[in-house]
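Listing of target13.pdb, PDB, C-alpha atoms and all ligand atoms
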ATOM      1  CA  MET A   1       0.000   0.000   0.000
ATOM      2  CA  SER A   2       1.254   3.520  -0.785
ATOM      3  CA  LYS A   3       2.107   6.008   1.931
ATOM      4  CA  VAL A   4      -1.088   7.918   1.172
ATOM      5  CA  GLY A   5      -3.048   4.684   1.453
ATOM      6  CA  ASP A   6      -1.374   3.937   4.810
ATOM      7  CA  ALA A   7      -2.305   7.369   6.118
ATOM      8  CA  LEU A   8      -5.917   7.033   4.977
ATOM      9  CA  ALA A   9      -6.183   3.615   6.603
ATOM     10  CA  GLY A  10      -4.791   5.086   9.830
ATOM     11  CA  PHE A  11      -7.161   8.052   9.790
ATOM     12  CA  GLY A  12      -9.990   5.642   9.022
ATOM     13  CA  VAL A  13      -9.386   3.853  12.317
ATOM     14  CA  THR A  14      -9.352   7.191  14.150
ATOM     15  CA  PHE A  15     -12.522   8.318  12.385
ATOM     16  CA  LYS A  16     -14.427   5.110  13.240
ATOM     17  CA  THR A  17     -13.312   5.275  16.880
ATOM     18  CA  MET A  18     -14.658   8.853  17.218
ATOM     19  CA  PHE A  19     -18.225   7.527  17.013
ATOM     20  CA  LYS A  20     -17.850   4.636  19.449
ATOM     21  CA  LYS A  21     -19.231   4.912  22.981
ATOM     22  CA  PRO A  22     -16.297   5.434  25.367
ATOM     23  CA  ILE A  23     -15.730   2.658  27.912
ATOM     24  CA  THR A  24     -14.579   4.163  31.189
ATOM     25  CA  GLU A  25     -14.136   1.972  34.262
ATOM     26  CA  GLN A  26     -15.002   3.923  37.417
ATOM     27  CA  TYR A  27     -12.458   1.985  39.465
ATOM     28  CA  PRO A  28     -12.052   1.887  42.467
ATOM     29  CA  GLU A  29     -15.404   3.604  43.201
ATOM     30  CA  GLU A  30     -17.267   1.026  41.104
ATOM     31  CA  PRO A  31     -15.204  -2.193  40.812
ATOM     32  CA  GLY A  32     -16.003  -3.965  37.583
ATOM     33  CA  PRO A  33     -17.691  -7.366  37.488
ATOM     34  CA  VAL A  34     -15.639 -10.516  36.936
ATOM     35  CA  ALA A  35     -16.602 -13.912  35.525
ATOM     36  CA  PRO A  36     -18.458 -16.049  38.097
ATOM     37  CA  ARG A  37     -15.596 -18.578  38.177
ATOM     38  CA  TYR A  38     -12.839 -15.966  38.369
ATOM     39  CA  HIS A  39      -9.965 -17.161  40.576
ATOM     40  CA  GLY A  40      -9.585 -14.450  43.194
ATOM     41  CA  ARG A  41      -8.596 -14.496  46.847
ATOM     42  CA  HIS A  42      -8.867 -17.897  48.531
ATOM     43  CA  GLN A  43     -11.252 -18.714  51.342
ATOM     44  CA  LEU A  44     -11.022 -21.339  54.080
ATOM     45  CA  ASN A  45     -14.560 -22.538  54.595
ATOM     46  CA  ARG A  46     -16.451 -23.635  57.694
ATOM     47  CA  TYR A  47     -19.163 -26.137  58.461
ATOM     48  CA  ALA A  48     -22.628 -24.883  59.355
ATOM     49  CA  ASP A  49     -21.840 -24.970  63.083
ATOM     50  CA  GLY A  50     -18.654 -22.911  62.660
ATOM     51  CA  LEU A  51     -16.022 -25.673  62.807
ATOM     52  CA  GLU A  52     -13.267 -25.289  60.202
ATOM     53  CA  LYS A  53     -13.210 -27.588  57.181
ATOM     54  CA  CYS A  54      -9.414 -27.561  56.901
ATOM     55  CA  ILE A  55      -7.798 -30.675  58.373
ATOM     56  CA  GLY A  56      -4.214 -29.501  57.901
ATOM     57  CA  CYS A  57      -3.355 -32.289  55.429
ATOM     58  CA  GLU A  58      -1.086 -30.065  53.267
ATOM     59  CA  LEU A  59      -2.373 -31.532  49.987
ATOM     60  CA  CYS A  60      -3.029 -28.007  48.708
ATOM     61  CA  ALA A  61       0.561 -27.019  49.485
ATOM     62  CA  TRP A  62       1.940 -30.061  47.653
ATOM     63  CA  ALA A  63      -0.282 -29.349  44.637
ATOM     64  CA  CYS A  64       0.800 -25.725  44.341
ATOM     65  CA  PRO A  65       3.256 -25.237  41.445
ATOM     66  CA  ALA A  66       4.384 -21.878  42.807
ATOM     67  CA  ASP A  67       5.132 -23.046  46.363
ATOM     68  CA  ALA A  68       2.792 -20.338  47.606
ATOM     69  CA  ILE A  69       1.066 -22.238  50.420
ATOM     70  CA  PHE A  70       2.402 -23.048  53.872
ATOM     71  CA  VAL A  71       0.353 -25.291  56.179
ATOM     72  CA  GLU A  72       1.152 -26.540  59.645
ATOM     73  CA  GLY A  73      -1.385 -28.983  61.054
ATOM     74  CA  ALA A  74      -1.987 -29.794  64.700
ATOM     75  CA  ASP A  75      -4.079 -32.248  66.726
ATOM     76  CA  ASN A  76      -7.527 -31.339  67.991
ATOM     77  CA  THR A  77      -7.874 -32.102  71.686
ATOM     78  CA  GLU A  78     -10.891 -32.673  73.937
ATOM     79  CA  GLY A  79     -11.003 -29.079  75.087
ATOM     80  CA  GLN A  80      -9.652 -27.446  71.921
ATOM     81  CA  ARG A  81     -11.463 -28.634  68.795
ATOM     82  CA  PHE A  82     -11.272 -26.479  65.673
ATOM     83  CA  SER A  83     -12.375 -29.039  63.057
ATOM     84  CA  PRO A  84     -14.036 -32.466  62.999
ATOM     85  CA  GLY A  85     -11.666 -35.417  63.129
ATOM     86  CA  GLU A  86      -8.115 -35.588  64.407
ATOM     87  CA  ARG A  87      -6.335 -32.634  62.828
ATOM     88  CA  TYR A  88      -6.849 -29.005  61.936
ATOM     89  CA  GLY A  89      -4.816 -26.369  60.124
ATOM     90  CA  ARG A  90      -3.060 -24.509  62.952
ATOM     91  CA  VAL A  91      -1.070 -22.303  60.579
ATOM     92  CA  TYR A  92      -2.285 -21.569  57.082
ATOM     93  CA  GLN A  93      -0.625 -19.023  54.821
ATOM     94  CA  ILE A  94      -0.879 -18.115  51.142
ATOM     95  CA  ASN A  95       1.806 -15.920  49.633
ATOM     96  CA  TYR A  96       0.089 -13.754  47.018
ATOM     97  CA  LEU A  97       3.446 -12.574  45.693
ATOM     98  CA  ARG A  98       3.833 -16.128  44.371
ATOM     99  CA  CYS A  99       0.273 -17.272  43.648
ATOM    100  CA  ILE A 100      -0.577 -17.451  39.949
ATOM    101  CA  GLY A 101      -4.281 -18.135  40.486
ATOM    102  CA  CYS A 102      -4.174 -21.531  38.787
ATOM    103  CA  GLY A 103      -6.638 -23.192  41.192
ATOM    104  CA  LEU A 104      -4.748 -26.483  41.520
ATOM    105  CA  CYS A 105      -4.832 -26.122  45.305
ATOM    106  CA  ILE A 106      -8.618 -26.041  45.487
ATOM    107  CA  GLU A 107      -8.822 -29.111  43.252
ATOM    108  CA  ALA A 108      -6.501 -30.994  45.614
ATOM    109  CA  CYS A 109      -8.416 -30.198  48.815
ATOM    110  CA  PRO A 110     -10.259 -33.323  50.032
ATOM    111  CA  THR A 111     -12.782 -31.501  52.253
ATOM    112  CA  ARG A 112     -13.623 -28.496  50.040
ATOM    113  CA  ALA A 113     -12.106 -26.393  52.798
ATOM    114  CA  LEU A 114     -10.304 -24.284  50.237
ATOM    115  CA  THR A 115     -12.151 -22.386  47.507
ATOM    116  CA  MET A 116     -11.506 -19.173  45.615
ATOM    117  CA  THR A 117     -13.636 -16.038  45.760
ATOM    118  CA  ASN A 118     -14.151 -13.292  43.158
ATOM    119  CA  ASP A 119     -12.214 -10.775  45.278
ATOM    120  CA  TYR A 120      -9.302  -9.353  43.298
ATOM    121  CA  GLU A 121      -8.458  -6.302  45.403
ATOM    122  CA  MET A 122      -5.264  -7.597  46.995
ATOM    123  CA  ALA A 123      -2.709  -4.923  46.090
ATOM    124  CA  ASP A 124      -0.497  -3.628  48.861
ATOM    125  CA  ASP A 125       2.655  -1.605  49.330
ATOM    126  CA  ASN A 126       4.783  -4.160  51.189
ATOM    127  CA  ARG A 127       5.616  -7.846  50.913
ATOM    128  CA  ALA A 128       4.644  -8.945  54.423
ATOM    129  CA  ASP A 129       1.009  -7.904  54.050
ATOM    130  CA  LEU A 130       0.661 -10.001  50.887
ATOM    131  CA  ILE A 131       1.169 -13.194  52.856
ATOM    132  CA  TYR A 132      -2.368 -13.926  54.009
ATOM    133  CA  GLY A 133      -2.928 -15.995  57.144
ATOM    134  CA  LYS A 134      -6.029 -17.541  58.666
ATOM    135  CA  ASP A 135      -7.117 -14.133  59.961
ATOM    136  CA  LYS A 136      -7.684 -13.025  56.357
ATOM    137  CA  LEU A 137      -8.546 -16.354  54.711
ATOM    138  CA  LEU A 138     -11.104 -17.902  57.083
ATOM    139  CA  ALA A 139     -14.729 -17.460  56.049
ATOM    140  CA  PRO A 140     -16.559 -15.076  58.379
ATOM    141  CA  LEU A 141     -18.873 -16.564  61.002
ATOM    142  CA  THR A 142     -22.567 -16.251  60.202
ATOM    143  CA  PRO A 143     -24.976 -15.492  63.092
ATOM    144  CA  GLU A 144     -25.910 -19.207  63.362
ATOM    145  CA  MET A 145     -22.284 -20.331  63.730
ATOM    146  CA  THR A 146     -20.276 -20.674  66.927
ATOM    147  CA  ALA A 147     -16.625 -19.670  66.861
ATOM    148  CA  PRO A 148     -14.241 -22.617  67.379
ATOM    149  CA  PRO A 149     -12.917 -24.155  69.503
ATOM    150  CA  HIS A 150     -16.030 -26.164  70.384
ATOM    151  CA  GLU A 151     -17.233 -29.763  70.360
ATOM    152  CA  MET A 152     -18.712 -31.546  67.359
ATOM    153  CA  ALA A 153     -22.496 -31.740  67.159
ATOM    154  CA  PRO A 154     -23.883 -34.206  69.781
ATOM    155  CA  GLY A 155     -24.018 -37.768  68.446
ATOM    156  CA  SER A 156     -22.081 -36.919  65.288
ATOM    157  CA  THR A 157     -18.839 -38.274  63.859
ATOM    158  CA  ASP A 158     -16.362 -36.621  61.551
ATOM    159  CA  GLU A 159     -17.959 -38.611  58.699
ATOM    160  CA  ASP A 160     -21.267 -36.810  59.324
ATOM    161  CA  TYR A 161     -19.444 -33.547  58.720
ATOM    162  CA  TYR A 162     -17.759 -34.786  55.551
ATOM    163  CA  ARG A 163     -21.087 -36.122  54.231
ATOM    164  CA  GLY A 164     -22.899 -32.822  54.801
ATOM    165  CA  ASN A 165     -25.164 -34.087  57.594
ATOM    166  CA  ILE A 166     -24.513 -31.156  59.925
ATOM    167  CA  THR A 167     -26.613 -28.007  60.196
ATOM    168  CA  ALA A 168     -26.182 -25.008  62.482
ATOM    169  CA  THR A 169     -28.399 -26.746  65.041
ATOM    170  CA  GLY A 170     -26.708 -30.143  64.972
ATOM    171  CA  LEU A 171     -26.909 -33.522  63.274
ATOM    172  CA  ALA A 172     -29.502 -33.235  60.498
ATOM    173  CA  ARG A 173     -30.077 -36.841  59.558
ATOM    174  CA  GLN A 174     -28.963 -40.171  60.814
ATOM    175  CA  ARG A 175     -26.164 -42.031  59.128
ATOM    176  CA  GLU A 176     -27.092 -44.647  56.614
ATOM    177  CA  SER A 177     -26.712 -48.044  58.238
ATOM    178  CA  ALA A 178     -23.728 -50.073  57.099
ATOM    179  CA  GLN A 179     -24.569 -52.479  54.302
TER     180      GLN A 179
HETATM  181  S1  LIG A 201      -4.026 -20.864  42.948
HETATM  182 FE1  LIG A 201      -2.270 -22.069  42.116
HETATM  183  S2  LIG A 201      -0.471 -20.814  42.565
HETATM  184 FE2  LIG A 201      -2.154 -19.998  43.832
HETATM  185  S3  LIG A 201      -1.920 -21.026  45.786
HETATM  186 FE3  LIG A 201      -3.360 -22.259  44.556
HETATM  187  S4  LIG A 201      -2.072 -23.810  43.517
HETATM  188 FE4  LIG A 201      -0.710 -22.197  44.289
HETATM  189  S1  LIG A 202      -7.064 -26.465  52.702
HETATM  190 FE1  LIG A 202      -7.684 -28.562  52.164
HETATM  191  S2  LIG A 202      -5.872 -29.478  51.174
HETATM  192 FE2  LIG A 202      -5.176 -27.632  52.272
HETATM  193  S3  LIG A 202      -4.494 -28.384  54.267
HETATM  194 FE3  LIG A 202      -6.638 -27.736  54.480
HETATM  195  S4  LIG A 202      -7.821 -29.619  54.131
HETATM  196 FE4  LIG A 202      -5.765 -30.007  53.351
END

Could you express the structure from this file as structure tokens?
Amino acid sequence: MSKVGDALAGFGVTFKTMFKKPITEQYPEEPGPVAPRYHGRHQLNRYADGLEKCIGCELCAWACPADAIFVEGADNTEGQRFSPGERYGRVYQINYLRCIGCGLCIEACPTRALTMTNDYEMADDNRADLIYGKDKLLAPLTPEMTAPPHEMAPGSTDEDYYRGNITATGLARQRESAQ
């Protein structure tokens, strides 16, 4: 194409753009929507009675290709129960300077303790604050929940929790009898 042709093609783009509706994001006053399955900040979920779903197994940490997760499990005791079963995640950290949002960690989690939210506002001005601990990752307590540590629902086992038989008021349905 000649130089004149090039110029006309260029001005043509400018001319067409003049009549398009401008797209202006009003961020941060009006954060834009994201896709429903967008991989944002992680969340450590709870059961309906408030106990934590994380059992401190570290499978998420082993699955992470960026080595962004650090987990230290500990034993539940009679007076200090944070999750059903033997173990809970005493220390849980995700380093968002490393995380690439791939979601492999949530696929690896056996109890669906770990999921990802749509929250993408995680910028900060220092490295330390981008390592999120349980204080930032644990799902908030709803009014029906009781903050751990506390006992499991009366008459329940850890399997009742894993099978979704627990409500905020206790054991919802009896276990199926063994075949
Ligand atoms: S989303 Fe991917 S990179 Fe981020 S913590 Fe999970 S496994 Fe690691
Ligand atoms: S979040 Fe899931 S995979 Fe990770 S330690 Fe807790 S239970 Fe295990």

Open item on the list: Could you list, as a PyMOL selection string, every residue matched by the PyMOL selection byres (((not hetatm)) within 8 of (chain A and resi 201)) in this structure?
Closed with: chain A and resi 39+42+60-61+63-69+94-96+98-106

Taking all atoms of ligand LIG 202 (chain A) that appear in the file, build a box with edges along x, y and z, extend it by 4 Å on every side, and state its centre and edge lengths in Å to one decimal, as JSON.
{"center_x": -6.2, "center_y": -28.2, "center_z": 52.8, "size_x": 11.3, "size_y": 11.5, "size_z": 11.3}

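Put simply, atom CA of Ala123 of chain A is 17.2 Å away from atom CA of Asp135 of chain A.
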
TODO: Give me, please, the distance in Å between atom CA of Arg163 of chain A and atom CA of Leu44 of chain A, quoted to one decimal.
DONE: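 Here the two named atoms are 17.9 Å from each other.
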
Task: Selection dump of the PyMOL selection byres (((chain A and resi 141-156) around 10) and not hetatm), as a ChimeraX atom specification - done: /A:45-52,76-85,138-140,157-161,165-175

TODO: Quick one: pull the distance between atom CA of Ile131 of chain A and atom CA of Ala74 of chain A, Å, one decimal.
DONE: 20.6 Å

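If you measure from each of A:Phe11, A:Tyr38, A:Tyr92, A:Tyr162 to ligand LIG 202 (chain A) using all atoms listed in the file, the closest one turns out to be A:Tyr92.
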
- [ ] For ligand LIG 202 (chain A), collect every residue having any atom at a distance of at most 6 Å from a ligand atom (counting all atoms listed in the file); output as a list in words.
- [x]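 So, counting all atoms listed in the file, the residues near ligand LIG 202 (chain A) are Cys54, Ile55, Gly56, Cys57, Glu58, Leu59, Cys60, Ala108, Cys109, Pro110, Thr111, Ala113 and Leu114 of chain A.
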
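With distances restricted to only C-alpha atoms, A:Asn118 is the closest residue to Gly32 of chain A from A:Gly164, A:Asn118, A:Gln93, A:Tyr132.
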
TODO: Using all atoms listed in the file, pick whichever of A:Asp6, A:Asp119, A:Glu25, A:Asp129 has the shortest atom-to-atom distance to Arg37 of chain A.
DONE: A:Asp119

Put segment 119-165 of chain A into a file with N, CA and C atoms, as an mmCIF file, in the first residue's frame.
data_model
loop_
_atom_site.group_PDB
_atom_site.id
_atom_site.type_symbol
_atom_site.label_atom_id
_atom_site.label_comp_id
_atom_site.auth_asym_id
_atom_site.auth_seq_id
_atom_site.Cartn_x
_atom_site.Cartn_y
_atom_site.Cartn_z
ATOM 1 N N ASP A 119 -12.887 -11.978 44.787
ATOM 2 C CA ASP A 119 -12.214 -10.775 45.278
ATOM 3 C C ASP A 119 -10.819 -10.636 44.648
ATOM 4 N N TYR A 120 -10.609 -9.549 43.929
ATOM 5 C CA TYR A 120 -9.302 -9.353 43.298
ATOM 6 C C TYR A 120 -8.549 -8.143 43.850
ATOM 7 N N GLU A 121 -9.101 -7.509 44.871
ATOM 8 C CA GLU A 121 -8.458 -6.302 45.403
ATOM 9 C C GLU A 121 -7.450 -6.690 46.478
ATOM 10 N N MET A 122 -6.271 -7.120 46.054
ATOM 11 C CA MET A 122 -5.264 -7.597 46.995
ATOM 12 C C MET A 122 -3.939 -6.851 46.862
ATOM 13 N N ALA A 123 -3.957 -5.677 46.231
ATOM 14 C CA ALA A 123 -2.709 -4.923 46.090
ATOM 15 C C ALA A 123 -2.278 -4.367 47.444
ATOM 16 N N ASP A 124 -0.990 -4.237 47.627
ATOM 17 C CA ASP A 124 -0.497 -3.628 48.861
ATOM 18 C C ASP A 124 0.864 -3.000 48.583
ATOM 19 N N ASP A 125 1.407 -2.315 49.582
ATOM 20 C CA ASP A 125 2.655 -1.605 49.330
ATOM 21 C C ASP A 125 3.839 -2.247 50.041
ATOM 22 N N ASN A 126 3.644 -3.480 50.574
ATOM 23 C CA ASN A 126 4.783 -4.160 51.189
ATOM 24 C C ASN A 126 4.567 -5.660 51.088
ATOM 25 N N ARG A 127 5.670 -6.396 51.142
ATOM 26 C CA ARG A 127 5.616 -7.846 50.913
ATOM 27 C C ARG A 127 4.913 -8.581 52.040
ATOM 28 N N ALA A 128 5.168 -8.185 53.284
ATOM 29 C CA ALA A 128 4.644 -8.945 54.423
ATOM 30 C C ALA A 128 3.116 -9.014 54.396
ATOM 31 N N ASP A 129 2.479 -7.921 54.019
ATOM 32 C CA ASP A 129 1.009 -7.904 54.050
ATOM 33 C C ASP A 129 0.393 -8.688 52.903
ATOM 34 N N LEU A 130 1.194 -9.179 51.975
ATOM 35 C CA LEU A 130 0.661 -10.001 50.887
ATOM 36 C C LEU A 130 0.778 -11.492 51.187
ATOM 37 N N ILE A 131 1.241 -11.812 52.378
ATOM 38 C CA ILE A 131 1.169 -13.194 52.856
ATOM 39 C C ILE A 131 -0.047 -13.268 53.774
ATOM 40 N N TYR A 132 -1.103 -13.885 53.268
ATOM 41 C CA TYR A 132 -2.368 -13.926 54.009
ATOM 42 C C TYR A 132 -2.385 -15.140 54.934
ATOM 43 N N GLY A 133 -2.790 -14.905 56.176
ATOM 44 C CA GLY A 133 -2.928 -15.995 57.144
ATOM 45 C C GLY A 133 -4.395 -16.318 57.379
ATOM 46 N N LYS A 134 -4.655 -17.138 58.390
ATOM 47 C CA LYS A 134 -6.029 -17.541 58.666
ATOM 48 C C LYS A 134 -6.903 -16.341 59.014
ATOM 49 N N ASP A 135 -6.315 -15.309 59.595
ATOM 50 C CA ASP A 135 -7.117 -14.133 59.961
ATOM 51 C C ASP A 135 -7.768 -13.507 58.732
ATOM 52 N N LYS A 136 -7.121 -13.616 57.570
ATOM 53 C CA LYS A 136 -7.684 -13.025 56.357
ATOM 54 C C LYS A 136 -8.397 -14.062 55.485
ATOM 55 N N LEU A 137 -8.028 -15.340 55.638
ATOM 56 C CA LEU A 137 -8.546 -16.354 54.711
ATOM 57 C C LEU A 137 -9.782 -17.093 55.228
ATOM 58 N N LEU A 138 -9.962 -17.147 56.548
ATOM 59 C CA LEU A 138 -11.104 -17.902 57.083
ATOM 60 C C LEU A 138 -12.409 -17.208 56.743
ATOM 61 N N ALA A 139 -13.401 -18.007 56.339
ATOM 62 C CA ALA A 139 -14.729 -17.460 56.049
ATOM 63 C C ALA A 139 -15.295 -16.830 57.316
ATOM 64 N N PRO A 140 -15.990 -15.701 57.176
ATOM 65 C CA PRO A 140 -16.559 -15.076 58.379
ATOM 66 C C PRO A 140 -17.636 -15.959 59.000
ATOM 67 N N LEU A 141 -17.825 -15.804 60.309
ATOM 68 C CA LEU A 141 -18.873 -16.564 61.002
ATOM 69 C C LEU A 141 -20.221 -15.938 60.689
ATOM 70 N N THR A 142 -21.199 -16.758 60.360
ATOM 71 C CA THR A 142 -22.567 -16.251 60.202
ATOM 72 C C THR A 142 -23.209 -16.243 61.596
ATOM 73 N N PRO A 143 -24.352 -15.564 61.751
ATOM 74 C CA PRO A 143 -24.976 -15.492 63.092
ATOM 75 C C PRO A 143 -25.292 -16.861 63.680
ATOM 76 N N GLU A 144 -25.551 -17.874 62.835
ATOM 77 C CA GLU A 144 -25.910 -19.207 63.362
ATOM 78 C C GLU A 144 -24.686 -19.980 63.822
ATOM 79 N N MET A 145 -23.501 -19.569 63.414
ATOM 80 C CA MET A 145 -22.284 -20.331 63.730
ATOM 81 C C MET A 145 -21.732 -19.971 65.103
ATOM 82 N N THR A 146 -20.989 -20.918 65.672
ATOM 83 C CA THR A 146 -20.276 -20.674 66.927
ATOM 84 C C THR A 146 -18.784 -20.720 66.637
ATOM 85 N N ALA A 147 -18.061 -19.738 67.135
ATOM 86 C CA ALA A 147 -16.625 -19.670 66.861
ATOM 87 C C ALA A 147 -15.906 -20.847 67.515
ATOM 88 N N PRO A 148 -15.054 -21.569 66.763
ATOM 89 C CA PRO A 148 -14.241 -22.617 67.379
ATOM 90 C C PRO A 148 -13.238 -21.980 68.360
ATOM 91 N N PRO A 149 -12.723 -22.711 69.346
ATOM 92 C CA PRO A 149 -12.917 -24.155 69.503
ATOM 93 C C PRO A 149 -14.242 -24.505 70.176
ATOM 94 N N HIS A 150 -14.875 -25.602 69.702
ATOM 95 C CA HIS A 150 -16.030 -26.164 70.384
ATOM 96 C C HIS A 150 -16.206 -27.614 69.938
ATOM 97 N N GLU A 151 -17.038 -28.338 70.650
ATOM 98 C CA GLU A 151 -17.233 -29.763 70.360
ATOM 99 C C GLU A 151 -17.983 -29.967 69.038
ATOM 100 N N MET A 152 -17.892 -31.181 68.515
ATOM 101 C CA MET A 152 -18.712 -31.546 67.359
ATOM 102 C C MET A 152 -20.164 -31.660 67.806
ATOM 103 N N ALA A 153 -21.073 -31.634 66.840
ATOM 104 C CA ALA A 153 -22.496 -31.740 67.159
ATOM 105 C C ALA A 153 -22.757 -33.031 67.941
ATOM 106 N N PRO A 154 -23.630 -33.004 68.966
ATOM 107 C CA PRO A 154 -23.883 -34.206 69.781
ATOM 108 C C PRO A 154 -24.305 -35.389 68.916
ATOM 109 N N GLY A 155 -23.676 -36.542 69.166
ATOM 110 C CA GLY A 155 -24.018 -37.768 68.446
ATOM 111 C C GLY A 155 -23.407 -37.872 67.065
ATOM 112 N N SER A 156 -22.624 -36.895 66.657
ATOM 113 C CA SER A 156 -22.081 -36.919 65.288
ATOM 114 C C SER A 156 -20.660 -37.473 65.273
ATOM 115 N N THR A 157 -20.233 -37.886 64.079
ATOM 116 C CA THR A 157 -18.839 -38.274 63.859
ATOM 117 C C THR A 157 -18.267 -37.348 62.791
ATOM 118 N N ASP A 158 -16.967 -37.450 62.602
ATOM 119 C CA ASP A 158 -16.362 -36.621 61.551
ATOM 120 C C ASP A 158 -16.954 -36.954 60.187
ATOM 121 N N GLU A 159 -17.361 -38.223 59.987
ATOM 122 C CA GLU A 159 -17.959 -38.611 58.699
ATOM 123 C C GLU A 159 -19.258 -37.858 58.443
ATOM 124 N N ASP A 160 -20.034 -37.595 59.502
ATOM 125 C CA ASP A 160 -21.267 -36.810 59.324
ATOM 126 C C ASP A 160 -20.936 -35.426 58.774
ATOM 127 N N TYR A 161 -19.852 -34.861 59.233
ATOM 128 C CA TYR A 161 -19.444 -33.547 58.720
ATOM 129 C C TYR A 161 -19.064 -33.656 57.247
ATOM 130 N N TYR A 162 -18.242 -34.661 56.929
ATOM 131 C CA TYR A 162 -17.759 -34.786 55.551
ATOM 132 C C TYR A 162 -18.907 -35.082 54.585
ATOM 133 N N ARG A 163 -19.957 -35.762 55.094
ATOM 134 C CA ARG A 163 -21.087 -36.122 54.231
ATOM 135 C C ARG A 163 -22.157 -35.038 54.191
ATOM 136 N N GLY A 164 -21.938 -33.931 54.859
ATOM 137 C CA GLY A 164 -22.899 -32.822 54.801
ATOM 138 C C GLY A 164 -24.127 -33.037 55.661
ATOM 139 N N ASN A 165 -24.004 -33.809 56.742
ATOM 140 C CA ASN A 165 -25.164 -34.087 57.594
ATOM 141 C C ASN A 165 -25.307 -33.117 58.764
#
